[in-house]
file model_37.cif (mmCIF, C-alpha atoms, pLDDT in the B column; chains and numbers go by the auth columns)
data_run
loop_
_atom_site.group_PDB
_atom_site.id
_atom_site.type_symbol
_atom_site.label_atom_id
_atom_site.label_comp_id
_atom_site.label_asym_id
_atom_site.label_seq_id
_atom_site.Cartn_x
_atom_site.Cartn_y
_atom_site.Cartn_z
_atom_site.B_iso_or_equiv
_atom_site.auth_seq_id
_atom_site.auth_asym_id
ATOM 1 C CA MET A 1 17.352 -15.631 -44.363 57.00 1 A
ATOM 2 C CA ARG A 2 18.873 -19.037 -43.597 64.00 2 A
ATOM 3 C CA GLN A 3 21.324 -17.466 -41.143 68.00 3 A
ATOM 4 C CA PHE A 4 18.500 -15.550 -39.485 62.00 4 A
ATOM 5 C CA SER A 5 16.425 -18.709 -39.120 67.00 5 A
ATOM 6 C CA LYS A 6 19.367 -20.445 -37.457 65.00 6 A
ATOM 7 C CA LEU A 7 19.803 -17.518 -35.094 65.00 7 A
ATOM 8 C CA ALA A 8 16.084 -17.548 -34.252 64.00 8 A
ATOM 9 C CA HIS A 9 16.163 -21.270 -33.591 65.00 9 A
ATOM 10 C CA PHE A 10 19.286 -20.915 -31.446 64.00 10 A
ATOM 11 C CA MET A 11 17.646 -18.195 -29.348 66.00 11 A
ATOM 12 C CA GLU A 12 14.364 -20.097 -29.049 66.00 12 A
ATOM 13 C CA GLN A 13 16.113 -23.131 -27.600 64.00 13 A
ATOM 14 C CA ARG A 14 17.543 -20.978 -24.827 65.00 14 A
ATOM 15 C CA MET A 15 14.381 -19.086 -23.929 67.00 15 A
ATOM 16 C CA GLU A 16 13.743 -21.533 -21.088 68.00 16 A
ATOM 17 C CA ASN A 17 16.968 -20.416 -19.412 67.00 17 A
ATOM 18 C CA ILE A 18 15.307 -17.114 -18.501 70.00 18 A
ATOM 19 C CA PRO A 19 13.440 -17.657 -15.188 72.00 19 A
ATOM 20 C CA LEU A 20 10.672 -15.262 -16.154 72.00 20 A
ATOM 21 C CA THR A 21 7.881 -17.183 -14.420 72.00 21 A
ATOM 22 C CA PHE A 22 9.822 -17.386 -11.179 73.00 22 A
ATOM 23 C CA LEU A 23 10.788 -13.701 -11.220 74.00 23 A
ATOM 24 C CA LEU A 24 7.279 -12.485 -12.024 78.00 24 A
ATOM 25 C CA GLY A 25 5.661 -14.832 -9.506 79.00 25 A
ATOM 26 C CA PHE A 26 8.019 -13.773 -6.740 79.00 26 A
ATOM 27 C CA PHE A 27 7.640 -10.092 -7.614 81.00 27 A
ATOM 28 C CA VAL A 28 3.826 -10.260 -7.727 83.00 28 A
ATOM 29 C CA THR A 29 3.831 -12.120 -4.398 85.00 29 A
ATOM 30 C CA ILE A 30 5.825 -9.317 -2.776 85.00 30 A
ATOM 31 C CA VAL A 31 3.536 -6.622 -4.181 85.00 31 A
ATOM 32 C CA VAL A 32 0.331 -8.424 -3.182 87.00 32 A
ATOM 33 C CA ASP A 33 1.652 -9.152 0.324 88.00 33 A
ATOM 34 C CA ARG A 34 2.560 -5.500 0.816 86.00 34 A
ATOM 35 C CA TRP A 35 -0.893 -4.414 -0.364 87.00 35 A
ATOM 36 C CA ARG A 36 -2.600 -6.936 1.907 88.00 36 A
ATOM 37 C CA ASN A 37 -0.556 -5.888 4.933 87.00 37 A
ATOM 38 C CA ILE A 38 -1.197 -2.214 4.223 85.00 38 A
ATOM 39 C CA PHE A 39 -4.934 -2.832 4.043 86.00 39 A
ATOM 40 C CA ALA A 40 -4.880 -4.906 7.242 84.00 40 A
ATOM 41 C CA ASN A 41 -2.976 -2.189 9.134 86.00 41 A
ATOM 42 C CA ILE A 42 -4.882 0.886 8.036 85.00 42 A
ATOM 43 C CA GLY A 43 -5.874 1.368 11.649 80.00 43 A
ATOM 44 C CA PHE A 44 -9.554 1.063 12.510 85.00 44 A
ATOM 45 C CA VAL A 45 -10.403 3.037 15.617 89.00 45 A
ATOM 46 C CA ASP A 46 -13.637 1.118 16.251 88.00 46 A
ATOM 47 C CA SER A 47 -11.995 -1.599 18.345 88.00 47 A
ATOM 48 C CA VAL A 48 -10.271 0.885 20.655 91.00 48 A
ATOM 49 C CA ALA A 49 -13.477 2.922 20.896 91.00 49 A
ATOM 50 C CA PHE A 50 -15.337 -0.154 22.178 92.00 50 A
ATOM 51 C CA TYR A 51 -12.744 -0.635 24.911 92.00 51 A
ATOM 52 C CA ILE A 52 -12.878 3.038 25.886 92.00 52 A
ATOM 53 C CA SER A 53 -16.669 3.021 25.971 90.00 53 A
ATOM 54 C CA ASN A 54 -16.848 -0.027 28.259 91.00 54 A
ATOM 55 C CA TYR A 55 -13.718 0.333 30.390 91.00 55 A
ATOM 56 C CA VAL A 56 -14.180 4.022 31.246 92.00 56 A
ATOM 57 C CA LEU A 57 -17.270 4.052 33.457 91.00 57 A
ATOM 58 C CA GLY A 58 -19.545 7.026 33.939 87.00 58 A
ATOM 59 C CA THR A 59 -22.373 8.779 32.157 85.00 59 A
ATOM 60 C CA ASP A 60 -21.785 12.312 33.413 89.00 60 A
ATOM 61 C CA GLU A 61 -20.743 15.071 31.032 91.00 61 A
ATOM 62 C CA GLU A 62 -17.118 15.134 32.189 91.00 62 A
ATOM 63 C CA THR A 63 -16.654 11.408 31.558 92.00 63 A
ATOM 64 C CA ARG A 64 -18.312 11.646 28.165 93.00 64 A
ATOM 65 C CA VAL A 65 -15.971 14.462 27.180 93.00 65 A
ATOM 66 C CA ILE A 66 -12.981 12.385 28.294 93.00 66 A
ATOM 67 C CA LYS A 67 -14.131 9.435 26.202 93.00 67 A
ATOM 68 C CA ARG A 68 -14.646 11.627 23.148 93.00 68 A
ATOM 69 C CA ASN A 69 -11.257 13.246 23.598 94.00 69 A
ATOM 70 C CA MET A 70 -9.508 9.887 23.827 94.00 70 A
ATOM 71 C CA VAL A 71 -11.078 8.694 20.580 94.00 71 A
ATOM 72 C CA ARG A 72 -10.415 12.080 18.960 94.00 72 A
ATOM 73 C CA TYR A 73 -6.724 11.918 19.905 94.00 73 A
ATOM 74 C CA LEU A 74 -6.471 8.492 18.310 94.00 74 A
ATOM 75 C CA CYS A 75 -8.092 9.787 15.129 93.00 75 A
ATOM 76 C CA LEU A 76 -5.728 12.764 15.267 93.00 76 A
ATOM 77 C CA THR A 77 -2.747 10.408 15.403 92.00 77 A
ATOM 78 C CA GLN A 78 -4.091 8.583 12.380 92.00 78 A
ATOM 79 C CA VAL A 79 -4.603 11.825 10.453 92.00 79 A
ATOM 80 C CA LEU A 80 -1.068 13.027 11.203 92.00 80 A
ATOM 81 C CA ILE A 81 0.435 9.755 9.958 91.00 81 A
ATOM 82 C CA LEU A 82 -1.753 9.478 6.857 90.00 82 A
ATOM 83 C CA ARG A 83 -0.877 13.060 5.921 90.00 83 A
ATOM 84 C CA ASP A 84 2.716 11.969 5.401 88.00 84 A
ATOM 85 C CA ILE A 85 2.014 8.787 3.431 88.00 85 A
ATOM 86 C CA SER A 86 -1.102 9.628 1.392 87.00 86 A
ATOM 87 C CA ILE A 87 -1.309 12.370 -1.221 90.00 87 A
ATOM 88 C CA LYS A 88 -5.108 12.573 -0.966 90.00 88 A
ATOM 89 C CA VAL A 89 -5.003 13.035 2.807 90.00 89 A
ATOM 90 C CA ARG A 90 -2.270 15.649 2.403 91.00 90 A
ATOM 91 C CA LYS A 91 -4.483 17.569 -0.030 92.00 91 A
ATOM 92 C CA ARG A 92 -7.381 17.296 2.422 91.00 92 A
ATOM 93 C CA PHE A 93 -5.229 18.481 5.339 92.00 93 A
ATOM 94 C CA PRO A 94 -2.383 20.580 3.873 91.00 94 A
ATOM 95 C CA ASN A 95 -1.473 22.014 7.293 90.00 95 A
ATOM 96 C CA LEU A 96 -2.414 21.817 10.959 91.00 96 A
ATOM 97 C CA ASP A 97 -4.901 24.656 10.568 92.00 97 A
ATOM 98 C CA ALA A 98 -6.959 22.412 8.282 93.00 98 A
ATOM 99 C CA VAL A 99 -6.787 19.682 10.941 92.00 99 A
ATOM 100 C CA VAL A 100 -8.082 22.180 13.509 93.00 100 A
ATOM 101 C CA ASP A 101 -10.868 23.313 11.186 93.00 101 A
ATOM 102 C CA ALA A 102 -11.933 19.671 10.731 92.00 102 A
ATOM 103 C CA GLY A 103 -12.269 19.260 14.502 91.00 103 A
ATOM 104 C CA PHE A 104 -9.517 16.715 15.069 92.00 104 A
ATOM 105 C CA MET A 105 -7.482 19.227 17.079 92.00 105 A
ATOM 106 C CA LEU A 106 -8.542 22.182 19.219 93.00 106 A
ATOM 107 C CA PRO A 107 -6.811 25.574 18.960 92.00 107 A
ATOM 108 C CA HIS A 108 -5.219 25.348 22.422 92.00 108 A
ATOM 109 C CA GLU A 109 -4.040 21.823 21.637 91.00 109 A
ATOM 110 C CA LYS A 110 -2.371 23.120 18.487 91.00 110 A
ATOM 111 C CA GLU A 111 -0.507 25.664 20.580 91.00 111 A
ATOM 112 C CA LYS A 112 0.795 22.946 22.875 90.00 112 A
ATOM 113 C CA PHE A 113 1.619 20.827 19.845 90.00 113 A
ATOM 114 C CA ASP A 114 3.666 23.626 18.292 88.00 114 A
ATOM 115 C CA GLU A 115 5.480 24.373 21.547 88.00 115 A
ATOM 116 C CA ILE A 116 7.127 20.941 21.521 87.00 116 A
ATOM 117 C CA GLU A 117 10.303 21.181 19.465 83.00 117 A
ATOM 118 C CA ASN A 118 11.315 17.988 17.748 79.00 118 A
ATOM 119 C CA ASP A 119 13.419 17.311 14.665 77.00 119 A
ATOM 120 C CA PHE A 120 11.236 14.337 13.785 80.00 120 A
ATOM 121 C CA ALA A 121 7.517 13.825 13.253 82.00 121 A
ATOM 122 C CA LYS A 122 5.400 14.354 16.341 86.00 122 A
ATOM 123 C CA TYR A 123 2.910 11.533 15.884 87.00 123 A
ATOM 124 C CA TRP A 124 3.383 10.451 19.473 89.00 124 A
ATOM 125 C CA ILE A 125 1.975 13.610 21.087 91.00 125 A
ATOM 126 C CA PRO A 126 -1.788 12.868 20.677 92.00 126 A
ATOM 127 C CA LEU A 127 -1.087 9.275 21.655 91.00 127 A
ATOM 128 C CA ASN A 128 0.584 10.462 24.840 92.00 128 A
ATOM 129 C CA TRP A 129 -2.453 12.605 25.594 93.00 129 A
ATOM 130 C CA THR A 130 -4.629 9.493 25.260 94.00 130 A
ATOM 131 C CA PHE A 131 -2.466 7.546 27.722 93.00 131 A
ATOM 132 C CA ALA A 132 -2.557 10.502 30.130 93.00 132 A
ATOM 133 C CA LEU A 133 -6.365 10.618 30.036 94.00 133 A
ATOM 134 C CA ALA A 134 -6.575 6.871 30.636 93.00 134 A
ATOM 135 C CA THR A 135 -4.231 7.137 33.619 93.00 135 A
ATOM 136 C CA GLU A 136 -6.268 10.011 35.011 92.00 136 A
ATOM 137 C CA CYS A 137 -9.443 7.945 34.688 93.00 137 A
ATOM 138 C CA ARG A 138 -7.780 5.142 36.659 92.00 138 A
ATOM 139 C CA LEU A 139 -6.770 7.556 39.422 92.00 139 A
ATOM 140 C CA GLN A 140 -10.348 8.844 39.566 91.00 140 A
ATOM 141 C CA ASP A 141 -11.579 5.221 39.748 90.00 141 A
ATOM 142 C CA LYS A 142 -13.420 5.555 36.462 92.00 142 A
ATOM 143 C CA ILE A 143 -11.494 2.486 35.270 92.00 143 A
ATOM 144 C CA LYS A 144 -12.074 -0.334 37.734 89.00 144 A
ATOM 145 C CA GLY A 145 -8.751 -2.080 38.088 89.00 145 A
ATOM 146 C CA ASP A 146 -5.237 -2.015 36.718 90.00 146 A
ATOM 147 C CA VAL A 147 -5.996 -5.031 34.553 92.00 147 A
ATOM 148 C CA LEU A 148 -8.585 -3.050 32.598 92.00 148 A
ATOM 149 C CA LEU A 149 -6.192 -0.121 32.327 92.00 149 A
ATOM 150 C CA ASN A 150 -3.482 -2.410 30.975 92.00 150 A
ATOM 151 C CA GLY A 151 -5.941 -3.934 28.506 91.00 151 A
ATOM 152 C CA LEU A 152 -6.865 -0.462 27.273 92.00 152 A
ATOM 153 C CA PHE A 153 -3.183 0.429 26.938 93.00 153 A
ATOM 154 C CA ASN A 154 -2.593 -2.689 24.871 92.00 154 A
ATOM 155 C CA GLU A 155 -5.402 -1.823 22.490 91.00 155 A
ATOM 156 C CA ILE A 156 -4.062 1.695 22.041 92.00 156 A
ATOM 157 C CA ARG A 157 -0.578 0.285 21.496 91.00 157 A
ATOM 158 C CA MET A 158 -1.875 -2.130 18.841 91.00 158 A
ATOM 159 C CA PHE A 159 -3.699 0.719 17.103 92.00 159 A
ATOM 160 C CA TYR A 160 -0.525 2.760 16.959 90.00 160 A
ATOM 161 C CA GLY A 161 1.469 -0.312 15.928 89.00 161 A
ATOM 162 C CA ASN A 162 -0.757 -0.758 12.877 90.00 162 A
ATOM 163 C CA LEU A 163 -0.218 2.865 11.893 90.00 163 A
ATOM 164 C CA GLN A 164 3.501 2.478 12.429 89.00 164 A
ATOM 165 C CA THR A 165 3.476 -0.475 10.020 89.00 165 A
ATOM 166 C CA LEU A 166 1.962 1.796 7.364 88.00 166 A
ATOM 167 C CA ARG A 167 4.658 4.360 8.024 88.00 167 A
ATOM 168 C CA ASN A 168 7.390 1.731 7.750 87.00 168 A
ATOM 169 C CA TYR A 169 6.035 0.534 4.401 86.00 169 A
ATOM 170 C CA ASP A 170 6.106 4.123 3.176 85.00 170 A
ATOM 171 C CA TRP A 171 9.641 4.731 4.426 86.00 171 A
ATOM 172 C CA VAL A 172 11.149 1.450 3.187 85.00 172 A
ATOM 173 C CA PRO A 173 9.934 0.479 -0.309 83.00 173 A
ATOM 174 C CA ILE A 174 10.843 -2.641 -2.240 82.00 174 A
ATOM 175 C CA PRO A 175 14.612 -2.632 -2.934 81.00 175 A
ATOM 176 C CA LEU A 176 15.136 -0.880 -6.252 81.00 176 A
ATOM 177 C CA ALA A 177 17.484 -3.547 -7.613 80.00 177 A
ATOM 178 C CA TYR A 178 14.756 -6.204 -7.700 81.00 178 A
ATOM 179 C CA PRO A 179 12.158 -4.239 -9.754 82.00 179 A
ATOM 180 C CA GLN A 180 14.951 -3.231 -12.141 83.00 180 A
ATOM 181 C CA VAL A 181 15.944 -6.882 -12.641 81.00 181 A
ATOM 182 C CA VAL A 182 12.306 -7.832 -13.307 82.00 182 A
ATOM 183 C CA PHE A 183 11.816 -4.988 -15.785 82.00 183 A
ATOM 184 C CA VAL A 184 15.030 -5.810 -17.658 82.00 184 A
ATOM 185 C CA VAL A 185 14.194 -9.520 -17.848 79.00 185 A
ATOM 186 C CA VAL A 186 10.639 -8.867 -19.092 81.00 186 A
ATOM 187 C CA ARG A 187 11.845 -6.509 -21.816 81.00 187 A
ATOM 188 C CA LEU A 188 14.641 -8.865 -22.811 77.00 188 A
ATOM 189 C CA TYR A 189 12.177 -11.746 -23.023 77.00 189 A
ATOM 190 C CA PHE A 190 9.895 -9.642 -25.213 77.00 190 A
ATOM 191 C CA VAL A 191 12.769 -8.760 -27.574 76.00 191 A
ATOM 192 C CA LEU A 192 13.742 -12.408 -27.849 75.00 192 A
ATOM 193 C CA CYS A 193 10.145 -13.362 -28.571 74.00 193 A
ATOM 194 C CA VAL A 194 10.023 -10.792 -31.379 72.00 194 A
ATOM 195 C CA VAL A 195 12.939 -12.575 -33.030 69.00 195 A
ATOM 196 C CA THR A 196 12.098 -16.201 -32.291 70.00 196 A
ATOM 197 C CA ARG A 197 8.294 -16.288 -32.533 66.00 197 A
ATOM 198 C CA GLN A 198 7.880 -14.658 -35.928 66.00 198 A
ATOM 199 C CA PHE A 199 7.003 -16.449 -39.151 63.00 199 A
ATOM 200 C CA ILE A 200 10.101 -17.455 -41.125 63.00 200 A
ATOM 201 C CA ILE A 201 9.814 -18.220 -44.832 60.00 201 A
ATOM 202 C CA ASN A 202 12.400 -20.946 -45.043 58.00 202 A
ATOM 203 C CA GLU A 203 11.833 -24.642 -45.624 57.00 203 A
ATOM 204 C CA ASP A 204 14.849 -25.549 -43.487 57.00 204 A
ATOM 205 C CA ALA A 205 13.691 -23.470 -40.524 52.00 205 A
ATOM 206 C CA ASP A 206 12.846 -25.475 -37.416 53.00 206 A
ATOM 207 C CA ASN A 207 10.205 -23.012 -36.298 50.00 207 A
ATOM 208 C CA LEU A 208 8.374 -22.984 -39.609 48.00 208 A
ATOM 209 C CA THR A 209 4.621 -22.768 -39.092 47.00 209 A
ATOM 210 C CA ASN A 210 1.658 -23.062 -41.395 44.00 210 A
ATOM 211 C CA VAL A 211 -0.491 -20.557 -39.540 44.00 211 A
ATOM 212 C CA THR A 212 -0.257 -16.788 -39.754 46.00 212 A
ATOM 213 C CA TYR A 213 -1.939 -14.466 -37.279 46.00 213 A
ATOM 214 C CA PHE A 214 -3.317 -11.098 -38.360 44.00 214 A
ATOM 215 C CA LEU A 215 -4.192 -8.764 -35.483 44.00 215 A
ATOM 216 C CA ILE A 216 -6.733 -6.057 -36.168 46.00 216 A
ATOM 217 C CA PHE A 217 -7.298 -3.453 -33.441 46.00 217 A
ATOM 218 C CA LEU A 218 -10.650 -1.707 -33.287 44.00 218 A
ATOM 219 C CA LYS A 219 -11.761 1.110 -31.020 45.00 219 A
ATOM 220 C CA SER A 220 -15.065 0.747 -29.184 47.00 220 A
ATOM 221 C CA ASP A 221 -16.874 4.025 -28.484 43.00 221 A
ATOM 222 C CA SER A 222 -19.241 2.471 -25.970 38.00 222 A
ATOM 223 C CA LEU A 223 -16.672 0.698 -23.802 37.00 223 A
ATOM 224 C CA LYS A 224 -13.797 3.089 -24.591 37.00 224 A
ATOM 225 C CA TYR A 225 -11.358 0.226 -24.734 37.00 225 A
ATOM 226 C CA PHE A 226 -9.345 -1.304 -27.510 37.00 226 A
ATOM 227 C CA ALA A 227 -10.510 -4.739 -28.605 38.00 227 A
ATOM 228 C CA PHE A 228 -8.721 -6.903 -31.071 36.00 228 A
ATOM 229 C CA LEU A 229 -9.864 -9.582 -33.508 32.00 229 A
ATOM 230 C CA ALA A 230 -7.484 -12.384 -34.476 36.00 230 A
ATOM 231 C CA PHE A 231 -8.006 -14.087 -37.812 34.00 231 A
ATOM 232 C CA CYS A 232 -6.083 -17.265 -38.496 35.00 232 A
ATOM 233 C CA PHE A 233 -5.509 -18.209 -42.068 33.00 233 A
ATOM 234 C CA GLU A 234 -4.113 -21.575 -42.976 36.00 234 A
ATOM 235 C CA MET A 235 -1.534 -21.253 -45.688 36.00 235 A
ATOM 236 C CA ALA A 236 -1.771 -23.563 -48.619 34.00 236 A
#

call {"tool": "encode", "arguments": {"input": "model_37.cif", "output": "structure tokens"}}
result
Amino acid sequence: MRQFSKLAHFMEQRMENIPLTFLLGFFVTIVVDRWRNIFANIGFVDSVAFYISNYVLGTDEETRVIKRNMVRYLCLTQVLILRDISIKVRKRFPNLDAVVDAGFMLPHEKEKFDEIENDFAKYWIPLNWTFALATECRLQDKIKGDVLLNGLFNEIRMFYGNLQTLRNYDWVPIPLAYPQVVFVVVRLYFVLCVVTRQFIINEDADNLTNVTYFLIFLKSDSLKYFAFLAFCFEMA
């Protein structure tokens, strides 16, 4: 017991050499920043829709169809990207036929989409259709000025840039070596605490304490969580 108490004291003195706080703080910062950036770049089509509604002039049926198609192509781009990075969206749209049934893509558009052979994902196709419609509106003088056309292009580009950020986060996760280091350090710290923080019955022990903690775990049926009660007894 005396040798064990010396070992526990020796290990306790060197617990501060493990930079657990720094590792956990840095790791949590990375995770929270990734989550915040993902949320900020989900891609909200409302902003682009405002530009389309005000920059593309005309209230006739043809112009209204063009506006709806431009917004629909942007939503289609978002659906195609989210299908590859979200399991729930993939279950909702397991194939392009489900996308057609939902109204994001028309049957003849699916045929054109399938005709384009590409070894990589074809997210850019609906986006290209949106740019083509905007250019056509400028040629028909439905967009008054190249400055407005360029502003609309920039908004569409920013919308796609946000979606591309989501795709990049999905393709490139946190380097595996860093989570492994954090997990190993946390488990090692826990093992050391099991040895050094326990009650030692030895008068010569440096970590001798007069307080013992008894942990009692109870199950709550109402909250369905485990709650614990700690009773501290002072030893005579």

call {"tool": "closest_residue", "arguments": {"input": "model_37.cif", "among": "A:Ala98, A:Val184, A:Leu152, A:Ile81", "to": "Asn168 (chain A)", "atoms": "all atoms listed in the file"}}
result
A:Ile81

call {"tool": "atom_distance", "arguments": {"input": "model_37.cif", "atom1": "CA of Asp101 (chain A)", "atom2": "CA of Trp171 (chain A)"}}
result
28.5 Å

call {"tool": "closest_residue", "arguments": {"input": "model_37.cif", "among": "A:Val191, A:Val28, A:Ile143, A:Leu80", "to": "Ile125 (chain A)", "atoms": "all atoms listed in the file"}}
result
A:Leu80

call {"tool": "closest_residue", "arguments": {"input": "model_37.cif", "among": "A:Ile52, A:Val79, A:Ile38, A:Ile87", "to": "Val65 (chain A)", "atoms": "all atoms listed in the file"}}
result
A:Ile52

call {"tool": "resolve_selection", "arguments": {"input": "model_37.cif", "expression": "the PyMOL selection byres ((chain A and resi 106-109) around 12)", "output": "list in words"}}
result
Asn69, Arg72, Tyr73, Leu76, Leu96, Asp97, Ala98, Val99, Val100, Asp101, Ala102, Gly103, Phe104, Met105, Lys110, Glu111, Lys112, Phe113, Asp114, Glu115, Ile116, Ile125, Pro126 and Trp129 of chain A

call {"tool": "axis_aligned_box", "arguments": {"input": "model_37.cif", "around": "region 182-194 of chain A", "padding_each_side": "5 Å", "output": "JSON"}}
result
{"center_x": 12.5, "center_y": -9.2, "center_z": -22.3, "size_x": 15.1, "size_y": 18.4, "size_z": 28.1}
